[in-house]
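*Asks:* Starting off with a structure, shown below.
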Amino acid sequence: MIGSPLATSAVFHLGPVPVTAPVVVTWVLMAVLAGGGAVLTRRLALRPGPVQAALELVVAAIEDQIRDTMRVAPAPYLPLIGTLFVYIFFANWSSLVPGIEPPTAHIETDAALALIVFAAVIWFGIRARGLSGFAATFAEPTMLMLPLNLLETFTRTFSMLVRLFGNVMSGVFVIGIVLSLVGLLVPVPLMALDLLTGAVQAYIFGVLAMVFIGGAVSGETGPGPQQEAKE
Amino acid sequence: MHLDAWTLALQTVNVLVLVWLLARFLFRPVAALIAERQAAAAKLLDDAAAAKQKAEQDAAEMAARRRDFAAEGERLQAEARDAAEAERARLLALAQAEAEALRAAARTGAAREEAAMRRALEAAARRLALAVAARLLARLPAGATTPALLRSLATDLAALPDEARSGLADASATVEVVSAVPLAEAERAACAAMLAEATGRAPALTFRTDPTLIAGIELYGAHTAVRSSWRADLDRIGQELSLDDEHV
């Protein structure tokens with residue numbers, strides 16, 4: 001990959017709509033994740049086998065994380081938070097497949113994820129507190145904080161976008177550069193590091209989404225300690 | 001920085017669809033199963049707690065029942081012991097009564113046997129005494145005692161009632177004179193004289209000798225007998241002794 005990491009080129013067109021590589025990879029990931037989930041959950045039993053036990057471990061871990069972070073029942077938030085984590089994780093790790101570039105290395109995908117979190121904050125906040133109640137949270141602790149709170153709502157979303165994009169894109173970019181210089185073995189540690197970064201970024205994105213939504217639901221604003229631990 | 005709006009829109013839709021897909025096929029089924037397992041585990045624990053409680057209740061009931069059984073057993077044992085004690089006392093009293101009766105019967109039997117033996121011994125002693133007396137008297141010469149016995153006969157005749165005395169000397173009959181040894185003529189005359197004096201008549205006399213009389217004379221008339229012999233004395237003494245024994 002020696003082109004601009006920000007540039008996306010259409011793989012094909014659906015009428016007037018250009019379909020780019022991240023979209024195609026995302027479709028493949030969607031098919032794999034949804035199909036795998038459907039297959040794995042087809043024969044769930046109270047006495048789990050090894051695969052079901054691993055699946056339950058993942059879901060239970062996400063639920064516990066939601067419960068610990070948001071201090072609410074995890075059920076309404078599990079699909080969104082779980083999907084964010086699982087999708088970003090597998091998207092980041094899709095770089096393991098030769099020739100595949102992670103969709104999250106393109107800013108459109110990260111922006112889409114950040115937009116969804118932005119909308120989810122508003123949606124869950126209004127659903128939990130009502131429109132006026134949710135709007136009132138922007139004036140906390142005083143009315144003077146209203147502009148800053150409004151600004152923060154956009155900037156933190158933007159920061160999520162840039163953080164994910166920067167980490168994944170930079171990893172892909174570095175590996176591409178090294179690969180173009182020394183093709184054998186040398187990129188392997190960097191690729192391993194990239195996988196670690198991808199897993200950590202998936203976790204961070206999920207945790208930040210939980211913190212933001214949790215703040216909107218419970219009235220606590222601010223990213224909390226987890227954000228400070230990023231990167 | 002270029003941002004492809006189509007890609008952004010498509011990826012947004014894609015992620016939203018993926019949220020729905022994973023919620024439908026992964027998260028909700030697994031979360032539901034986890035909740036179901038938790039409920040099952042809770043139910044299992046509740047059932048186990050209920051079963052444990054029931055088991056404890058059963059154990060308590062069993063213990064109470066065992067205590068009841070023990071008390072019942074003790075009661076039955078005590079009853080059996082009392083019944084056995086009463087039966088033993090009854091049997092003991094019965095045995096004592098029987099033993100007492102046996103002792104009394106034995107005492108009675110022994111007394112009877114003793115009396116019979118005593119009577120037998122006395123009879124034997126009587127017979128022996130009579131035999132001894134008869135043998136001692138037999139050693140005396142018969143003639144020596146005859147005069148004395150004739151006097152004793154005269155006394156006996158005198159002691160008889162008048163009717164008996166007259167009956168002895170009936171005119172139409174004879175009087176038999178029995179003696180242990182043959183009488184001398186003088187003695188026969190004395191005897192006839194004695195009869196004549198006593199009865200006022202002179203009956204005919206016949207004389208006979210009977211050594212079993214030992215000594216003495218006996219007179220046998222038609223209706224009266226006068227025995228003045230040692231045999232008659234010994235017989236009388238024997239009868240008197242027998243009467244004395246029966247009265248004892």
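Each chain of the structure tokens is named A, B, ... in the order shown, its residues numbered from 1; ligands are numbered from 1 in display order.
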Excluding Ala120 of chain A and residues on its chain fewer than 6 positions from it, collect all residues at most 9 Å away from it, counting only C-alpha atoms, and give them as JSON, numbers by chain.
*Replies:* {"A": [80, 209, 213]}
*Asks:* Would you save the residues from that selection as a PDB file, in the first residue's frame, using C-alpha atoms?
*Replies:*
```
ATOM      1  CA  LEU A  80     -24.870  -2.123  20.273  1.00  0.00           C
ATOM      2  CA  ALA A 209     -19.204   4.126  23.891  1.00  0.00           C
ATOM      3  CA  ILE A 213     -24.030   6.286  26.798  1.00  0.00           C
TER       4      ILE A 213
END
```
*Asks:* Using only C-alpha atoms and a cut-off of 9 Å, which residues of chain A sit close to chain B? Please list them as a PyMOL selection string.
*Replies:* chain A and resi 6-8+17-20+22-23+26-27+30-31+33-42+44-47+52+55-56+59-60+63+75+78-84+87+107-113+115-116
*Asks:* Write the selection just made, keeping N, CA and C atoms, as a compact mmCIF listing (two decimals), in the first residue's frame?
*Replies:*
```txt
# COMPACT_ATOMS: atom_id res chain seq x y z
N LEU A 6 -5.79 7.82 3.11
CA LEU A 6 -7.11 8.43 3.22
C LEU A 6 -7.95 8.21 1.97
N ALA A 7 -7.29 7.83 0.91
CA ALA A 7 -8.01 7.72 -0.37
C ALA A 7 -8.72 6.38 -0.43
N THR A 8 -9.95 6.43 -0.93
CA THR A 8 -10.69 5.20 -1.17
C THR A 8 -11.09 5.15 -2.62
N VAL A 17 -24.01 4.44 -7.09
CA VAL A 17 -23.33 4.33 -5.81
C VAL A 17 -22.01 3.59 -5.98
N PRO A 18 -20.93 4.24 -5.65
CA PRO A 18 -19.65 3.53 -5.72
C PRO A 18 -19.45 2.68 -4.46
N VAL A 19 -19.11 1.43 -4.69
CA VAL A 19 -18.90 0.52 -3.56
C VAL A 19 -17.40 0.37 -3.38
N THR A 20 -16.94 0.84 -2.23
CA THR A 20 -15.50 0.81 -1.98
C THR A 20 -15.10 -0.47 -1.25
N PRO A 22 -13.68 -0.98 1.78
CA PRO A 22 -14.15 -1.15 3.16
C PRO A 22 -15.59 -1.66 3.24
N VAL A 23 -16.41 -1.20 2.33
CA VAL A 23 -17.80 -1.64 2.34
C VAL A 23 -17.88 -3.13 2.01
N THR A 26 -16.62 -5.08 4.88
CA THR A 26 -17.63 -5.05 5.96
C THR A 26 -18.75 -6.01 5.65
N TRP A 27 -19.16 -6.09 4.39
CA TRP A 27 -20.23 -7.06 4.05
C TRP A 27 -19.77 -8.49 4.34
N MET A 30 -19.83 -8.94 7.95
CA MET A 30 -21.22 -9.09 8.40
C MET A 30 -21.72 -10.51 8.15
N ALA A 31 -21.42 -11.00 6.95
CA ALA A 31 -21.87 -12.36 6.61
C ALA A 31 -21.22 -13.38 7.54
N LEU A 33 -19.84 -12.87 10.59
CA LEU A 33 -20.25 -12.74 11.99
C LEU A 33 -21.70 -13.20 12.20
N ALA A 34 -22.59 -12.70 11.32
CA ALA A 34 -24.00 -13.08 11.49
C ALA A 34 -24.18 -14.56 11.22
N GLY A 35 -23.54 -15.05 10.15
CA GLY A 35 -23.66 -16.49 9.86
C GLY A 35 -23.07 -17.34 10.96
N GLY A 36 -21.87 -16.93 11.41
CA GLY A 36 -21.24 -17.70 12.51
C GLY A 36 -22.10 -17.67 13.76
N GLY A 37 -22.64 -16.48 14.07
CA GLY A 37 -23.50 -16.39 15.26
C GLY A 37 -24.72 -17.28 15.12
N ALA A 38 -25.32 -17.24 13.90
CA ALA A 38 -26.51 -18.06 13.70
C ALA A 38 -26.17 -19.53 13.84
N VAL A 39 -25.03 -19.95 13.28
CA VAL A 39 -24.65 -21.36 13.36
C VAL A 39 -24.34 -21.76 14.80
N LEU A 40 -23.57 -20.88 15.46
CA LEU A 40 -23.15 -21.25 16.82
C LEU A 40 -24.32 -21.25 17.81
N THR A 41 -25.29 -20.37 17.55
CA THR A 41 -26.42 -20.30 18.51
C THR A 41 -27.59 -21.17 18.08
N ARG A 42 -27.37 -22.01 17.04
CA ARG A 42 -28.50 -22.81 16.55
C ARG A 42 -28.87 -23.90 17.56
N LEU A 44 -28.19 -24.15 21.10
CA LEU A 44 -27.75 -23.80 22.46
C LEU A 44 -28.37 -24.77 23.47
N ALA A 45 -27.58 -25.13 24.45
CA ALA A 45 -28.07 -26.07 25.46
C ALA A 45 -27.68 -25.56 26.83
N LEU A 46 -28.44 -26.00 27.85
CA LEU A 46 -28.12 -25.59 29.21
C LEU A 46 -26.78 -26.18 29.67
N ARG A 47 -26.44 -27.36 29.09
CA ARG A 47 -25.11 -27.91 29.36
C ARG A 47 -24.25 -27.60 28.15
N GLN A 52 -19.79 -23.39 22.72
CA GLN A 52 -20.84 -22.58 23.35
C GLN A 52 -20.31 -21.92 24.62
N LEU A 55 -18.35 -18.93 23.61
CA LEU A 55 -19.27 -17.89 23.15
C LEU A 55 -19.94 -17.21 24.35
N GLU A 56 -20.39 -18.03 25.29
CA GLU A 56 -21.03 -17.47 26.48
C GLU A 56 -20.02 -16.65 27.30
N VAL A 59 -19.85 -13.22 25.62
CA VAL A 59 -21.06 -12.43 25.85
C VAL A 59 -21.15 -12.01 27.32
N ALA A 60 -20.84 -12.96 28.21
CA ALA A 60 -20.91 -12.64 29.64
C ALA A 60 -19.88 -11.58 30.01
N GLU A 63 -21.25 -8.30 28.91
CA GLU A 63 -22.32 -7.90 29.83
C GLU A 63 -21.74 -7.39 31.15
N ALA A 75 -28.87 -5.46 29.35
CA ALA A 75 -29.64 -6.01 28.24
C ALA A 75 -29.90 -5.02 27.10
N LEU A 78 -26.48 -4.29 25.24
CA LEU A 78 -25.61 -5.37 24.80
C LEU A 78 -25.47 -5.48 23.28
N PRO A 79 -26.56 -5.39 22.51
CA PRO A 79 -26.38 -5.53 21.04
C PRO A 79 -25.47 -4.46 20.46
N LEU A 80 -25.67 -3.20 20.86
CA LEU A 80 -24.87 -2.12 20.27
C LEU A 80 -23.41 -2.22 20.72
N ILE A 81 -23.19 -2.29 22.03
CA ILE A 81 -21.82 -2.31 22.53
C ILE A 81 -21.10 -3.56 22.05
N GLY A 82 -21.81 -4.70 22.13
CA GLY A 82 -21.20 -5.95 21.70
C GLY A 82 -20.85 -5.92 20.21
N THR A 83 -21.76 -5.38 19.44
CA THR A 83 -21.50 -5.32 18.00
C THR A 83 -20.31 -4.39 17.70
N LEU A 84 -20.26 -3.26 18.37
CA LEU A 84 -19.13 -2.35 18.17
C LEU A 84 -17.81 -3.07 18.45
N TYR A 87 -17.28 -6.11 15.94
CA TYR A 87 -17.02 -5.66 14.57
C TYR A 87 -15.65 -5.01 14.46
N ILE A 107 -11.38 6.24 7.13
CA ILE A 107 -12.05 7.17 8.05
C ILE A 107 -13.56 7.13 7.94
N GLU A 108 -14.04 6.69 6.76
CA GLU A 108 -15.50 6.61 6.62
C GLU A 108 -16.09 5.60 7.60
N THR A 109 -15.43 4.45 7.73
CA THR A 109 -15.93 3.42 8.66
C THR A 109 -15.89 3.93 10.11
N ASP A 110 -14.75 4.53 10.48
CA ASP A 110 -14.64 5.05 11.84
C ASP A 110 -15.65 6.16 12.07
N ALA A 111 -15.86 7.00 11.06
CA ALA A 111 -16.84 8.06 11.19
C ALA A 111 -18.24 7.49 11.34
N ALA A 112 -18.50 6.43 10.58
CA ALA A 112 -19.82 5.79 10.71
C ALA A 112 -20.02 5.27 12.12
N LEU A 113 -18.96 4.60 12.68
CA LEU A 113 -19.06 4.08 14.04
C LEU A 113 -19.26 5.20 15.04
N LEU A 115 -20.49 8.15 14.47
CA LEU A 115 -21.84 8.71 14.29
C LEU A 115 -22.89 7.86 15.00
N ILE A 116 -22.72 6.60 14.87
CA ILE A 116 -23.69 5.71 15.52
C ILE A 116 -23.63 5.88 17.03
```
*Asks:* When you look at Val121 of chain A with a cut-off of 10 Å (counting only C-alpha atoms), what residues show up, excluding the ones that are within fewer than 5 positions of it in the same chain? I need them as number ranges by chain.
*Replies:* A: 115-116, 126-127, 134, 153, 209-217
*Asks:* Taking the backbone alone, and naming residues the way the document does, which bits of segment 76-195 of chain B are strand (DSSP E) by DSSP, as a ChimeraX atom specification?
*Replies:* /B:174-179
*Asks:* Might you pull out every residue within 10 Å of Pro141 of chain B, with only C-alpha atoms counted and same-chain residues fewer than 6 positions away left off, and present them as a ChimeraX atom specification?
*Replies:* /B:181,214-215
*Asks:* Using Å and a single decimal, report how far atom CA of Thr174 of chain B sits from atom CA of Thr206 of chain B.
*Replies:* 7.0 Å
*Asks:* Using DSSP on the backbone coordinates, identify all residues within segment 86-208 of chain B classified as alpha helix (DSSP H); present the result as a PyMOL selection string.
*Replies:* chain B and resi 86-138+142-159+162-168+185-199
*Asks:* For a test of reading the model, state the distance in Å between atom CA of Ala91 of chain A and atom CA of Pro103 of chain A, rounded to one decimal.
*Replies:*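 A separation of 6.0 Å between them.
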*Asks:* Find the distance between atom CA of His13 of chain A and atom CA of Gly99 of chain A and write it in Å to one decimal.
*Replies:*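 Going from atom CA of His13 of chain A over to atom CA of Gly99 of chain A, I get 20.6 Å.
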